[in-house]
Amino acid sequence: MDAKTLTILTATMSGTSEMVAFELEPATRGHGLKARILKAGQATPAGLAEQKLLLVCTSTYGTGEVPDEAKALVADLDAQRPSLEGLRYGVVALGDMKYPATFCGGGKTFDALLTELGATRIGAICEIDASTGVYPEEVAEEWFEDWVPALLEAAAESAG
C-alpha cells in the first residue's frame with residue numbers, strides 16, 4: 001500500500017464505529033490522502049503488514065473485548081506475530097464510561113497488540129464515551145483534525 005493511503009479498519013457490533021469511519025473518510029481527501037475502509041472480518045495479518053498507515057476504528061463489546069468480527073483477526077495477529085515495524089497507526093476507540101474497568105477495551109486491545117508487533121502509534125488514542133450523549137462522529141472528527149499533522153508527517157516518512 002502506498003504511503004498516501006490510510007486504511008481505516010473497522011470493528012463493530014452495532015455499526016457505530018463503521019459509521020464513524022465513513023464520516024472520517026472524506027476528511028482524508030482534504031489533506032491529500034486517500035482512504036480505504038476495511039472491515040476487520042475481511043482483514044488478515046499479512047494484509048495489515050503491507051499497510052503503511054492504519055486507523056483502527058473499533059467499538060468495545062462484552063467485558064472489554066473487540067467486536068465479534070475482529071476476534072479472528074486479533075487471534076491470528078497474536079498467533080502469527082507478523083512484523084508490523086513499517087506500520088504507523090491511530091486508534092478511535094468507542095466505549096461507555098458506565099463500565100470504567102472495560103472502557104474502550106476494544107481499542108486498547110488493538111493498540112497493545114499492534115505495538116507488540118512493532119507498529120508505531122501516532123498520537124493519543126481517541127476515546128469516545130457513549131454515555132456523554134455527544135455524537136461519536138463529532139468527537140472523532142475533532143480528534144482527527146488534531147491528529148492529521150502527525151499522520152501527514154508519518155506519511156512523508158513512509159514515502160521517503
# chains A, B, ... in the order shown; residues from 1 in each chain; ligands from 1
call {"tool": "select_by_dssp", "arguments": {"residues": "segment 29-145 of chain A", "states": "strand (DSSP E)", "output": "list in words"}}
result
Lys34, Ala35, Arg36, Ile37, Leu38, Lys39, Leu53, Leu54, Leu55, Val56, Cys57, Thr58, Arg88, Tyr89, Gly90, Val91, Val92, Ala93, Leu94, Gly95, Thr120, Arg121, Cys126, Glu127, Ile128 and Asp129 of chain A
call {"tool": "select_by_dssp", "arguments": {"residues": "chain A", "states": "alpha helix (DSSP H)", "output": "ChimeraX atom specification"}}
result
/A:16-29,45-49,68-80,105-116,136-159
call {"tool": "atom_distance", "arguments": {"atom1": "atom CA of Ala156 of chain A", "atom2": "atom CA of Phe110 of chain A"}}
result
24.1 Å
call {"tool": "residues_around", "arguments": {"residues": "Ala154 of chain A", "least_positions_apart": "6", "cutoff": "8 Å", "atoms": "only C-alpha atoms", "output": "list in words"}}
result
Leu53, Arg88 and Ile122 of chain A
call {"tool": "write_last_selection", "arguments": {"atoms": "N, CA, C and O atoms", "output": "compact mmCIF listing (two decimals), in the first residue's frame"}}
result
# COMPACT_ATOMS: atom_id res chain seq x y z
N LEU A 53 -0.08 3.13 6.67
CA LEU A 53 -0.88 3.97 7.56
C LEU A 53 -2.20 3.28 7.86
O LEU A 53 -2.90 2.85 6.95
N ARG A 88 2.41 2.71 10.75
CA ARG A 88 2.08 3.82 11.64
C ARG A 88 0.56 3.81 11.77
O ARG A 88 -0.15 3.69 10.77
N ILE A 122 0.60 6.77 16.26
CA ILE A 122 0.70 8.20 16.02
C ILE A 122 -0.26 8.88 16.99
O ILE A 122 -1.47 8.65 16.92
call {"tool": "closest_atom_pairs", "arguments": {"of": "segment 104-129 of chain A", "to": "segment 68-84 of chain A", "cutoff": "8 Å", "atoms": "only C-alpha atoms", "output": "tab-separated table"}}
result
residue	atom	partner	partner_atom	distance
A:Phe110	CA	A:Val74	CA	7.5
A:Leu113	CA	A:Asp78	CA	7.3
A:Leu114	CA	A:Leu84	CA	7.2
A:Leu117	CA	A:Leu84	CA	5.5
A:Gly118	CA	A:Leu84	CA	5.0
A:Ala119	CA	A:Leu84	CA	4.9
call {"tool": "write_last_selection", "arguments": {"atoms": "N, CA, C and O atoms", "output": "compact mmCIF listing (two decimals), in the first residue's frame"}}
result
# COMPACT_ATOMS: atom_id res chain seq x y z
N PHE A 110 -6.40 -3.58 20.48
CA PHE A 110 -5.71 -3.38 19.21
C PHE A 110 -4.41 -2.60 19.41
O PHE A 110 -3.37 -2.95 18.86
N LEU A 113 -1.64 -4.81 20.95
CA LEU A 113 -1.18 -5.85 20.05
C LEU A 113 -0.36 -5.26 18.90
O LEU A 113 0.71 -5.78 18.56
N LEU A 114 -0.84 -4.17 18.31
CA LEU A 114 -0.08 -3.56 17.21
C LEU A 114 1.29 -3.09 17.69
O LEU A 114 2.29 -3.27 17.00
N LEU A 117 3.72 -5.88 18.07
CA LEU A 117 4.17 -6.40 16.78
C LEU A 117 5.06 -5.42 16.02
O LEU A 117 5.42 -5.66 14.88
N GLY A 118 5.40 -4.31 16.67
CA GLY A 118 6.37 -3.38 16.10
C GLY A 118 5.81 -2.15 15.44
O GLY A 118 6.58 -1.30 14.97
N ALA A 119 4.49 -2.02 15.37
CA ALA A 119 3.90 -0.82 14.77
C ALA A 119 4.08 0.37 15.72
O ALA A 119 4.29 0.19 16.92
call {"tool": "closest_residue", "arguments": {"among": "A:Pro67, A:Pro149, A:Gly86, A:Gly133", "to": "Glu18 of chain A", "atoms": "only C-alpha atoms"}}
result
A:Pro67
call {"tool": "atom_distance", "arguments": {"atom1": "atom CA of Lys108 of chain A", "atom2": "atom CA of Ala93 of chain A"}}
result
7.5 Å
call {"tool": "residues_around", "arguments": {"residues": "Ala150 of chain A", "least_positions_apart": "2", "cutoff": "12 Å", "atoms": "only C-alpha atoms", "output": "VMD selection string"}}
result
chain A and resid 31 53 88 to 90 120 to 124 143 to 148 152 to 157
call {"tool": "closest_residue", "arguments": {"among": "A:Leu94, A:Leu6, A:Ala27, A:Leu48", "to": "Ala130 of chain A", "atoms": "only C-alpha atoms"}}
result
A:Leu94
call {"tool": "residues_around", "arguments": {"residues": "Tyr135 of chain A", "least_positions_apart": "6", "cutoff": "12 Å", "atoms": "only C-alpha atoms", "output": "JSON, numbers by chain"}}
result
{"A": [16, 17, 19, 20, 23, 94, 128, 129, 141, 142]}
call {"tool": "atom_distance", "arguments": {"atom1": "atom CA of Tyr61 of chain A", "atom2": "atom CA of Met13 of chain A"}}
result
7.4 Å
call {"tool": "residues_around", "arguments": {"residues": "Gly62 of chain A", "least_positions_apart": "3", "cutoff": "10 Å", "atoms": "only C-alpha atoms", "output": "ChimeraX atom specification"}}
result
/A:65-68,102,105-106
call {"tool": "closest_residue", "arguments": {"among": "A:Ala21, A:Gly64, A:Glu127, A:Lys34", "to": "Tyr99 of chain A", "atoms": "only C-alpha atoms"}}
result
A:Gly64
